[in-house]
Amino acid sequence: MDFLNVSHSNFLVGMSCVVAMVSAFTALSLTRDLADRVMLHKKVSIALASVVLGGGIWAMHFVAMLGLQLPILFYYDAAITLVSALSAILLVGAALILLHFFQRTPLIISLAGSVVGVGVLVMHYIGMAALELCRAVYTTTGVFLSSLVAIALCILAFWIAYGRRTNRNIIWGTICFAGAVCSVHFLAMAGTNFAPEPAMPEFGPSMSNETLALGVIFFSFVIFGACLWVSVTYLVVATDKTATSEQNNLQTAPVKAQVLHIPCERDGGKVFVLSWDIRFVRADGHYTQVYTADERLFCAWPITEASKRLFPAGFLQTHRSYLVNPHHVARFERTKDAGRCLFASDGLPPAPVSRTKLKVIGEALASTCGVVHE
């Protein structure tokens, strides 16, 4: 079989790497600090990150393909090209759902990285199948190396970016993601030959390089605009006013000041529980569950109302669904991504501390006598 001579535009190759870098940075930035956000905001952020990262993988591939120079005229099947983009977006979305809606164990992080690596591969080879008037001929070595690099680098990127959600880790995770996407494309292309194919079955309408360029330019513009939007958050120092007020309440309020009577229900009857006797309060839909030393009671207050009433009594909001009485916390345990407050009472479950509140809760509990920090 006679193969065609292939060359590439160095400028477009470089631009494809920039697109991969920008899309990875934007997606990782969009998924920061989602633990304390409302569910709708969390879902929207993950959906946007999926479009940006999955679409960025697609845009990187086709920017590089626009730089492909063959001695014959060739086109793209528009329908298959669209399928390649949607495949990448859906698989990236599945990986982000694993990371943000399941417990982030080493297995989940590795699985999410593998899913994205497969997404990069699927997008690449579906995108190559869109070629018309020429056919890609692959080598076993090229397919194997590109698959190995894609999955390995994507797993590494997730381990770095989600090990600790710091700015430095996001930058290193961005580099790994961009390296994974670019390596897959160019390793696969190095092991790919092109042969003329005068007649090929059409799945959808044909699309020239010029038409493809318009679509890629538009989507790249959207990605770069999103990058500028999220970059502002790195320039503005965010202040957690709620956390600050909680810490101030703990430091200024006397130990038993502003004791409240909290209306609860026990066996169908109404009882009032002293706020001092409450260990923590947990959101339960539109209501709350109140935990004392030896029982759990139903309260008709929503978590927002409970927060407003209990903050003056010195309670801390350790998580969007939990209010904790710091004077009953026996031990505070901190990990890389989260923490928890443990109580001396037997049978009481720990109260979680979200990632964004680790520092302020740790500092607030440091002033509480008897709290052990680990």
# chains A, B, ... in the order shown; residues from 1 in each chain; ligands from 1
>>> residues_around(residues="His328 of chain A", least_positions_apart="6", cutoff="8 Å", atoms="only C-alpha atoms", output="number ranges by chain")
A: 279, 343-344
>>> residues_around(residues="segment 122-138 of chain A", least_positions_apart="2", cutoff="8 Å", atoms="only C-alpha atoms", output="VMD selection string")
chain A and resid 57 to 58 61 73 to 78 80 to 81 83 to 85 87 to 88 118 to 120 140 142 to 143 185 188 191 to 200 206
>>> write_last_selection(atoms="N, CA, C and O atoms", output="compact mmCIF listing (two decimals), in the first residue's frame")
# COMPACT_ATOMS: atom_id res chain seq x y z
N ILE A 57 -10.29 18.91 24.87
CA ILE A 57 -9.62 17.74 24.28
C ILE A 57 -9.94 17.66 22.80
O ILE A 57 -9.06 17.43 21.96
N TRP A 58 -11.21 17.85 22.46
CA TRP A 58 -11.64 17.83 21.06
C TRP A 58 -11.00 18.97 20.26
O TRP A 58 -10.50 18.76 19.16
N HIS A 61 -7.33 18.37 19.48
CA HIS A 61 -7.15 17.39 18.41
C HIS A 61 -7.34 18.04 17.04
O HIS A 61 -6.52 17.86 16.13
N LEU A 73 -6.57 16.56 -1.41
CA LEU A 73 -7.66 17.26 -0.74
C LEU A 73 -8.42 16.26 0.12
O LEU A 73 -8.69 15.14 -0.30
N PHE A 74 -8.77 16.63 1.35
CA PHE A 74 -9.54 15.74 2.21
C PHE A 74 -10.55 16.54 3.00
O PHE A 74 -10.40 17.75 3.20
N TYR A 75 -11.58 15.85 3.45
CA TYR A 75 -12.69 16.49 4.17
C TYR A 75 -12.95 15.72 5.47
O TYR A 75 -12.31 14.71 5.76
N TYR A 76 -13.93 16.23 6.21
CA TYR A 76 -14.33 15.57 7.46
C TYR A 76 -15.84 15.32 7.43
O TYR A 76 -16.60 16.13 6.91
N ASP A 77 -16.24 14.22 8.00
CA ASP A 77 -17.66 13.92 8.18
C ASP A 77 -18.15 14.70 9.40
O ASP A 77 -17.67 14.49 10.53
N ALA A 78 -19.10 15.62 9.19
CA ALA A 78 -19.53 16.51 10.26
C ALA A 78 -20.19 15.75 11.41
O ALA A 78 -19.98 16.09 12.59
N ILE A 80 -19.71 12.55 12.43
CA ILE A 80 -18.72 11.80 13.22
C ILE A 80 -17.86 12.76 14.05
O ILE A 80 -17.50 12.46 15.19
N THR A 81 -17.55 13.91 13.48
CA THR A 81 -16.79 14.92 14.21
C THR A 81 -17.55 15.37 15.46
O THR A 81 -16.97 15.54 16.54
N VAL A 83 -19.83 13.58 17.05
CA VAL A 83 -19.85 12.43 17.97
C VAL A 83 -18.55 12.38 18.78
O VAL A 83 -18.55 12.09 19.98
N SER A 84 -17.43 12.68 18.14
CA SER A 84 -16.14 12.65 18.85
C SER A 84 -16.12 13.69 19.97
O SER A 84 -15.61 13.41 21.07
N ALA A 85 -16.69 14.87 19.72
CA ALA A 85 -16.73 15.90 20.77
C ALA A 85 -17.64 15.49 21.92
O ALA A 85 -17.28 15.61 23.10
N SER A 87 -18.52 12.52 22.84
CA SER A 87 -17.95 11.38 23.57
C SER A 87 -16.96 11.86 24.63
O SER A 87 -16.98 11.40 25.77
N ALA A 88 -16.10 12.80 24.25
CA ALA A 88 -15.13 13.33 25.20
C ALA A 88 -15.82 14.04 26.36
O ALA A 88 -15.46 13.86 27.53
N VAL A 118 -9.43 7.13 28.79
CA VAL A 118 -10.22 6.46 27.74
C VAL A 118 -10.97 7.48 26.90
O VAL A 118 -11.09 7.32 25.67
N GLY A 119 -11.46 8.54 27.54
CA GLY A 119 -12.16 9.59 26.79
C GLY A 119 -11.27 10.26 25.76
O GLY A 119 -11.70 10.55 24.64
N VAL A 120 -10.01 10.51 26.13
CA VAL A 120 -9.06 11.10 25.18
C VAL A 120 -8.85 10.17 24.00
O VAL A 120 -8.85 10.58 22.83
N THR A 140 0.28 -1.07 15.61
CA THR A 140 0.01 -1.59 16.96
C THR A 140 0.80 -0.83 18.02
O THR A 140 0.28 -0.52 19.10
N GLY A 142 1.84 2.30 17.94
CA GLY A 142 1.27 3.64 18.16
C GLY A 142 0.02 3.59 19.02
O GLY A 142 -0.15 4.42 19.93
N VAL A 143 -0.86 2.63 18.75
CA VAL A 143 -2.08 2.51 19.54
C VAL A 143 -1.76 2.15 20.99
O VAL A 143 -2.32 2.72 21.93
N HIS A 185 -2.22 12.43 21.19
CA HIS A 185 -2.40 12.82 19.79
C HIS A 185 -1.13 12.59 18.98
O HIS A 185 -1.16 11.94 17.93
N ALA A 188 0.05 8.91 18.77
CA ALA A 188 -0.81 8.18 17.85
C ALA A 188 -0.53 8.59 16.40
O ALA A 188 -0.49 7.74 15.50
N GLY A 191 2.50 7.05 14.82
CA GLY A 191 2.32 5.68 14.38
C GLY A 191 1.18 5.51 13.40
O GLY A 191 0.63 4.41 13.27
N THR A 192 0.79 6.60 12.73
CA THR A 192 -0.33 6.57 11.78
C THR A 192 0.15 6.94 10.39
O THR A 192 0.90 7.91 10.22
N ASN A 193 -0.28 6.18 9.42
CA ASN A 193 -0.04 6.50 8.01
C ASN A 193 -1.37 6.82 7.34
O ASN A 193 -2.44 6.45 7.85
N PHE A 194 -1.29 7.52 6.23
CA PHE A 194 -2.49 7.93 5.52
C PHE A 194 -2.45 7.41 4.10
O PHE A 194 -1.42 7.52 3.42
N ALA A 195 -3.58 6.83 3.70
CA ALA A 195 -3.69 6.28 2.34
C ALA A 195 -4.87 6.92 1.65
O ALA A 195 -5.90 7.18 2.28
N PRO A 196 -4.76 7.22 0.36
CA PRO A 196 -5.90 7.81 -0.37
C PRO A 196 -7.06 6.82 -0.44
O PRO A 196 -6.87 5.62 -0.57
N GLU A 197 -8.25 7.35 -0.31
CA GLU A 197 -9.47 6.53 -0.36
C GLU A 197 -10.50 7.29 -1.21
O GLU A 197 -11.26 8.11 -0.69
N PRO A 198 -10.51 7.07 -2.51
CA PRO A 198 -11.36 7.89 -3.40
C PRO A 198 -12.83 7.87 -3.02
O PRO A 198 -13.50 8.89 -3.12
N ALA A 199 -13.36 6.74 -2.60
CA ALA A 199 -14.78 6.66 -2.28
C ALA A 199 -14.95 6.09 -0.88
O ALA A 199 -14.46 5.01 -0.58
N MET A 200 -15.61 6.84 -0.03
CA MET A 200 -15.87 6.39 1.34
C MET A 200 -17.34 6.59 1.67
O MET A 200 -17.94 7.58 1.22
N SER A 206 -20.36 16.40 4.46
CA SER A 206 -18.92 16.66 4.42
C SER A 206 -18.61 18.07 4.92
O SER A 206 -19.41 18.99 4.77
>>> residues_around(residues="Cys182 of chain A", least_positions_apart="3", cutoff="9 Å", atoms="only C-alpha atoms", output="list in words")
Ser16, Cys17, Ala20, Ile57, Met60, His61, Phe177, Ala178, Gly179, His185, Phe186 and Leu187 of chain A
>>> write_last_selection(atoms="C-alpha atoms", output="PDB file, in the first residue's frame")
ATOM      1  CA  SER A  16      -3.096  22.904  19.951  1.00  0.00           C
ATOM      2  CA  CYS A  17      -0.896  22.452  23.036  1.00  0.00           C
ATOM      3  CA  ALA A  20      -5.071  21.762  25.883  1.00  0.00           C
ATOM      4  CA  ILE A  57      -9.622  17.738  24.285  1.00  0.00           C
ATOM      5  CA  MET A  60      -6.806  20.387  20.751  1.00  0.00           C
ATOM      6  CA  HIS A  61      -7.152  17.390  18.406  1.00  0.00           C
ATOM      7  CA  PHE A 177      -3.572  16.879  31.630  1.00  0.00           C
ATOM      8  CA  ALA A 178      -2.168  18.907  28.758  1.00  0.00           C
ATOM      9  CA  GLY A 179       0.735  16.470  28.502  1.00  0.00           C
ATOM     10  CA  HIS A 185      -2.395  12.822  19.790  1.00  0.00           C
ATOM     11  CA  PHE A 186       1.191  13.056  18.653  1.00  0.00           C
ATOM     12  CA  LEU A 187       2.205   9.540  19.706  1.00  0.00           C
TER      13      LEU A 187
END
>>> closest_residue(among="A:Leu86, A:Val116, A:Leu323, A:Ala366", to="Ser354 of chain A", atoms="only C-alpha atoms")
A:Leu323
>>> closest_residue(among="A:Lys308, A:Glu333, A:Val230, A:Arg340", to="Ala24 of chain A", atoms="only C-alpha atoms")
A:Val230
>>> select_by_dssp(residues="segment 146-212 of chain A", states="strand (DSSP E)", output="MDAnalysis selection string")
chainID A and resid 192:196 206:207
>>> write_last_selection(atoms="C-alpha atoms", output="short mmCIF file (atom, residue, chain, number, x, y, z; two decimals), in the first residue's frame")
data_model
loop_
_atom_site.label_atom_id
_atom_site.label_comp_id
_atom_site.auth_asym_id
_atom_site.auth_seq_id
_atom_site.Cartn_x
_atom_site.Cartn_y
_atom_site.Cartn_z
CA THR A 192 -0.33 6.57 11.78
CA ASN A 193 -0.04 6.50 8.01
CA PHE A 194 -2.49 7.93 5.52
CA ALA A 195 -3.69 6.28 2.34
CA PRO A 196 -5.90 7.81 -0.37
CA SER A 206 -18.92 16.66 4.42
CA MET A 207 -17.02 19.49 6.05
#
>>> select_by_dssp(residues="segment 94-147 of chain A", states="alpha helix (DSSP H)", output="short mmCIF file (atom, residue, chain, number, x, y, z; two decimals) with N, CA and C atoms, in the first residue's frame")
data_model
loop_
_atom_site.label_atom_id
_atom_site.label_comp_id
_atom_site.auth_asym_id
_atom_site.auth_seq_id
_atom_site.Cartn_x
_atom_site.Cartn_y
_atom_site.Cartn_z
N ALA A 94 -18.48 11.98 33.38
CA ALA A 94 -18.59 10.79 34.24
C ALA A 94 -17.45 10.76 35.26
N ALA A 95 -16.25 11.13 34.83
CA ALA A 95 -15.10 11.15 35.75
C ALA A 95 -15.29 12.20 36.85
N LEU A 96 -15.79 13.38 36.50
CA LEU A 96 -15.99 14.43 37.49
C LEU A 96 -17.11 14.07 38.47
N ILE A 97 -18.13 13.37 37.99
CA ILE A 97 -19.19 12.91 38.89
C ILE A 97 -18.62 11.93 39.91
N LEU A 98 -17.76 11.03 39.47
CA LEU A 98 -17.12 10.10 40.40
C LEU A 98 -16.34 10.86 41.48
N LEU A 99 -15.64 11.92 41.08
CA LEU A 99 -14.78 12.65 42.00
C LEU A 99 -15.56 13.52 42.99
N HIS A 100 -16.72 14.03 42.55
CA HIS A 100 -17.42 15.02 43.38
C HIS A 100 -18.71 14.51 44.00
N PHE A 101 -19.18 13.31 43.63
CA PHE A 101 -20.40 12.78 44.23
C PHE A 101 -20.18 11.43 44.91
N PRO A 106 -8.57 6.45 46.95
CA PRO A 106 -7.56 6.22 45.90
C PRO A 106 -8.12 5.47 44.69
N LEU A 107 -9.02 4.53 44.94
CA LEU A 107 -9.63 3.77 43.83
C LEU A 107 -10.47 4.68 42.94
N ILE A 108 -11.26 5.57 43.55
CA ILE A 108 -12.11 6.47 42.78
C ILE A 108 -11.27 7.45 41.96
N ILE A 109 -10.20 7.99 42.57
CA ILE A 109 -9.34 8.92 41.83
C ILE A 109 -8.70 8.21 40.64
N SER A 110 -8.20 7.00 40.85
CA SER A 110 -7.58 6.25 39.75
C SER A 110 -8.61 5.90 38.68
N LEU A 111 -9.82 5.53 39.11
CA LEU A 111 -10.87 5.19 38.15
C LEU A 111 -11.25 6.41 37.32
N ALA A 112 -11.36 7.57 37.97
CA ALA A 112 -11.71 8.79 37.24
C ALA A 112 -10.63 9.14 36.22
N GLY A 113 -9.35 9.01 36.61
CA GLY A 113 -8.26 9.26 35.67
C GLY A 113 -8.30 8.30 34.49
N SER A 114 -8.63 7.05 34.77
CA SER A 114 -8.72 6.06 33.68
C SER A 114 -9.85 6.40 32.73
N VAL A 115 -10.98 6.86 33.28
CA VAL A 115 -12.12 7.21 32.43
C VAL A 115 -11.77 8.38 31.50
N VAL A 116 -11.08 9.39 32.05
CA VAL A 116 -10.68 10.51 31.20
C VAL A 116 -9.66 10.07 30.15
N GLY A 117 -8.71 9.19 30.56
CA GLY A 117 -7.75 8.68 29.59
C GLY A 117 -8.43 7.94 28.45
N VAL A 118 -9.43 7.13 28.79
CA VAL A 118 -10.22 6.46 27.74
C VAL A 118 -10.97 7.48 26.90
N GLY A 119 -11.46 8.54 27.54
CA GLY A 119 -12.16 9.59 26.79
C GLY A 119 -11.27 10.26 25.76
N VAL A 120 -10.01 10.51 26.13
CA VAL A 120 -9.06 11.10 25.18
C VAL A 120 -8.85 10.17 24.00
N LEU A 121 -8.69 8.88 24.28
CA LEU A 121 -8.46 7.90 23.21
C LEU A 121 -9.69 7.77 22.31
N VAL A 122 -10.86 7.67 22.93
CA VAL A 122 -12.08 7.53 22.14
C VAL A 122 -12.28 8.74 21.23
N MET A 123 -12.09 9.94 21.80
CA MET A 123 -12.23 11.14 20.99
C MET A 123 -11.26 11.13 19.82
N HIS A 124 -10.00 10.75 20.07
CA HIS A 124 -8.99 10.78 19.01
C HIS A 124 -9.35 9.85 17.86
N TYR A 125 -9.67 8.62 18.20
CA TYR A 125 -9.88 7.64 17.13
C TYR A 125 -11.23 7.81 16.43
N ILE A 126 -12.24 8.32 17.13
CA ILE A 126 -13.48 8.67 16.45
C ILE A 126 -13.26 9.86 15.54
N GLY A 127 -12.49 10.85 16.05
CA GLY A 127 -12.18 12.02 15.23
C GLY A 127 -11.41 11.64 13.97
N MET A 128 -10.49 10.69 14.09
CA MET A 128 -9.75 10.24 12.91
C MET A 128 -10.65 9.49 11.93
N ALA A 129 -11.69 8.83 12.44
CA ALA A 129 -12.63 8.12 11.57
C ALA A 129 -13.47 9.08 10.74
N THR A 140 0.28 -1.07 15.61
CA THR A 140 0.01 -1.59 16.96
C THR A 140 0.80 -0.83 18.02
N THR A 141 2.05 -0.49 17.69
CA THR A 141 2.89 0.23 18.66
C THR A 141 2.30 1.60 18.97
N GLY A 142 1.84 2.30 17.94
CA GLY A 142 1.27 3.64 18.16
C GLY A 142 0.02 3.59 19.02
N VAL A 143 -0.86 2.63 18.75
CA VAL A 143 -2.08 2.51 19.54
C VAL A 143 -1.76 2.15 20.99
N PHE A 144 -0.84 1.22 21.19
CA PHE A 144 -0.49 0.78 22.55
C PHE A 144 0.16 1.91 23.35
N LEU A 145 1.12 2.59 22.75
CA LEU A 145 1.82 3.66 23.48
C LEU A 145 0.88 4.81 23.81
N SER A 146 0.06 5.21 22.85
CA SER A 146 -0.86 6.31 23.10
C SER A 146 -1.87 5.94 24.19
N SER A 147 -2.33 4.70 24.21
CA SER A 147 -3.28 4.26 25.24
C SER A 147 -2.63 4.25 26.62
#
>>> residues_around(residues="Cys176 of chain A", least_positions_apart="2", cutoff="8 Å", atoms="only C-alpha atoms", output="PDB file with N, CA, C and O atoms, in the first residue's frame")
ATOM      1  N   LEU A 153      -1.013   9.213  32.426  1.00  0.00           N
ATOM      2  CA  LEU A 153      -0.888  10.650  32.717  1.00  0.00           C
ATOM      3  C   LEU A 153      -2.182  11.233  33.274  1.00  0.00           C
ATOM      4  O   LEU A 153      -2.138  12.141  34.117  1.00  0.00           O
ATOM      5  N   CYS A 154      -3.332  10.754  32.824  1.00  0.00           N
ATOM      6  CA  CYS A 154      -4.595  11.270  33.365  1.00  0.00           C
ATOM      7  C   CYS A 154      -4.770  10.852  34.821  1.00  0.00           C
ATOM      8  O   CYS A 154      -5.259  11.634  35.646  1.00  0.00           O
ATOM      9  N   LEU A 156      -2.300  10.296  36.899  1.00  0.00           N
ATOM     10  CA  LEU A 156      -1.341  11.139  37.618  1.00  0.00           C
ATOM     11  C   LEU A 156      -1.882  12.545  37.788  1.00  0.00           C
ATOM     12  O   LEU A 156      -1.742  13.150  38.867  1.00  0.00           O
ATOM     13  N   ALA A 157      -2.513  13.073  36.736  1.00  0.00           N
ATOM     14  CA  ALA A 157      -3.059  14.434  36.814  1.00  0.00           C
ATOM     15  C   ALA A 157      -4.122  14.538  37.899  1.00  0.00           C
ATOM     16  O   ALA A 157      -4.143  15.499  38.678  1.00  0.00           O
ATOM     17  N   TRP A 172       0.135  22.031  38.452  1.00  0.00           N
ATOM     18  CA  TRP A 172       0.792  20.775  38.081  1.00  0.00           C
ATOM     19  C   TRP A 172      -0.193  19.798  37.445  1.00  0.00           C
ATOM     20  O   TRP A 172       0.156  19.065  36.504  1.00  0.00           O
ATOM     21  N   GLY A 173      -1.415  19.776  37.947  1.00  0.00           N
ATOM     22  CA  GLY A 173      -2.433  18.939  37.329  1.00  0.00           C
ATOM     23  C   GLY A 173      -2.744  19.386  35.912  1.00  0.00           C
ATOM     24  O   GLY A 173      -2.962  18.557  35.014  1.00  0.00           O
ATOM     25  N   THR A 174      -2.757  20.694  35.689  1.00  0.00           N
ATOM     26  CA  THR A 174      -2.973  21.240  34.345  1.00  0.00           C
ATOM     27  C   THR A 174      -1.890  20.764  33.384  1.00  0.00           C
ATOM     28  O   THR A 174      -2.174  20.350  32.249  1.00  0.00           O
ATOM     29  N   ALA A 178      -2.577  18.449  30.090  1.00  0.00           N
ATOM     30  CA  ALA A 178      -2.168  18.907  28.758  1.00  0.00           C
ATOM     31  C   ALA A 178      -1.157  17.939  28.157  1.00  0.00           C
ATOM     32  O   ALA A 178      -1.217  17.620  26.955  1.00  0.00           O
ATOM     33  N   GLY A 179      -0.234  17.446  28.987  1.00  0.00           N
ATOM     34  CA  GLY A 179       0.735  16.470  28.502  1.00  0.00           C
ATOM     35  C   GLY A 179       0.074  15.189  28.048  1.00  0.00           C
ATOM     36  O   GLY A 179       0.459  14.594  27.034  1.00  0.00           O
ATOM     37  N   ALA A 180      -0.967  14.758  28.785  1.00  0.00           N
ATOM     38  CA  ALA A 180      -1.681  13.532  28.402  1.00  0.00           C
ATOM     39  C   ALA A 180      -2.367  13.695  27.053  1.00  0.00           C
ATOM     40  O   ALA A 180      -2.228  12.853  26.155  1.00  0.00           O
TER      41      ALA A 180
END
>>> residues_around(residues="Gly268 of chain A", least_positions_apart="3", cutoff="12 Å", atoms="only C-alpha atoms", output="PyMOL selection string")
chain A and resi 264-265+271+297-299
>>> write_last_selection(atoms="N, CA and C atoms", output="PDB file, in the first residue's frame")
ATOM      1  N   CYS A 264     -38.161  20.881  69.720  1.00  0.00           N
ATOM      2  CA  CYS A 264     -37.946  19.601  69.055  1.00  0.00           C
ATOM      3  C   CYS A 264     -39.164  18.706  69.283  1.00  0.00           C
ATOM      4  N   GLU A 265     -39.133  17.538  68.664  1.00  0.00           N
ATOM      5  CA  GLU A 265     -40.217  16.566  68.827  1.00  0.00           C
ATOM      6  C   GLU A 265     -39.641  15.233  69.290  1.00  0.00           C
ATOM      7  N   VAL A 271     -40.879  18.999  72.776  1.00  0.00           N
ATOM      8  CA  VAL A 271     -39.997  19.229  73.917  1.00  0.00           C
ATOM      9  C   VAL A 271     -39.043  20.361  73.560  1.00  0.00           C
ATOM     10  N   LEU A 297     -33.171  14.055  68.043  1.00  0.00           N
ATOM     11  CA  LEU A 297     -34.514  14.622  68.024  1.00  0.00           C
ATOM     12  C   LEU A 297     -34.782  15.329  66.704  1.00  0.00           C
ATOM     13  N   PHE A 298     -36.051  15.380  66.327  1.00  0.00           N
ATOM     14  CA  PHE A 298     -36.463  16.078  65.116  1.00  0.00           C
ATOM     15  C   PHE A 298     -36.743  17.538  65.440  1.00  0.00           C
ATOM     16  N   CYS A 299     -36.298  18.426  64.542  1.00  0.00           N
ATOM     17  CA  CYS A 299     -36.549  19.867  64.704  1.00  0.00           C
ATOM     18  C   CYS A 299     -37.116  20.409  63.391  1.00  0.00           C
TER      19      CYS A 299
END
>>> atom_distance(atom1="atom CA of Trp229 of chain A", atom2="atom CA of Thr26 of chain A")
8.8 Å
>>> residues_around(residues="segment 1-9 of chain A", least_positions_apart="3", cutoff="9 Å", atoms="only C-alpha atoms", output="list in words")
Leu12, Val13, Gly14, Ala64, Met65, Leu66, Gly67, Leu68, Gln69, Leu70, Pro71, Ile72, Val137, Asn193, Phe194, Ala195 and Pro196 of chain A
>>> atom_distance(atom1="atom CA of Val329 of chain A", atom2="atom CA of Thr105 of chain A")
26.2 Å
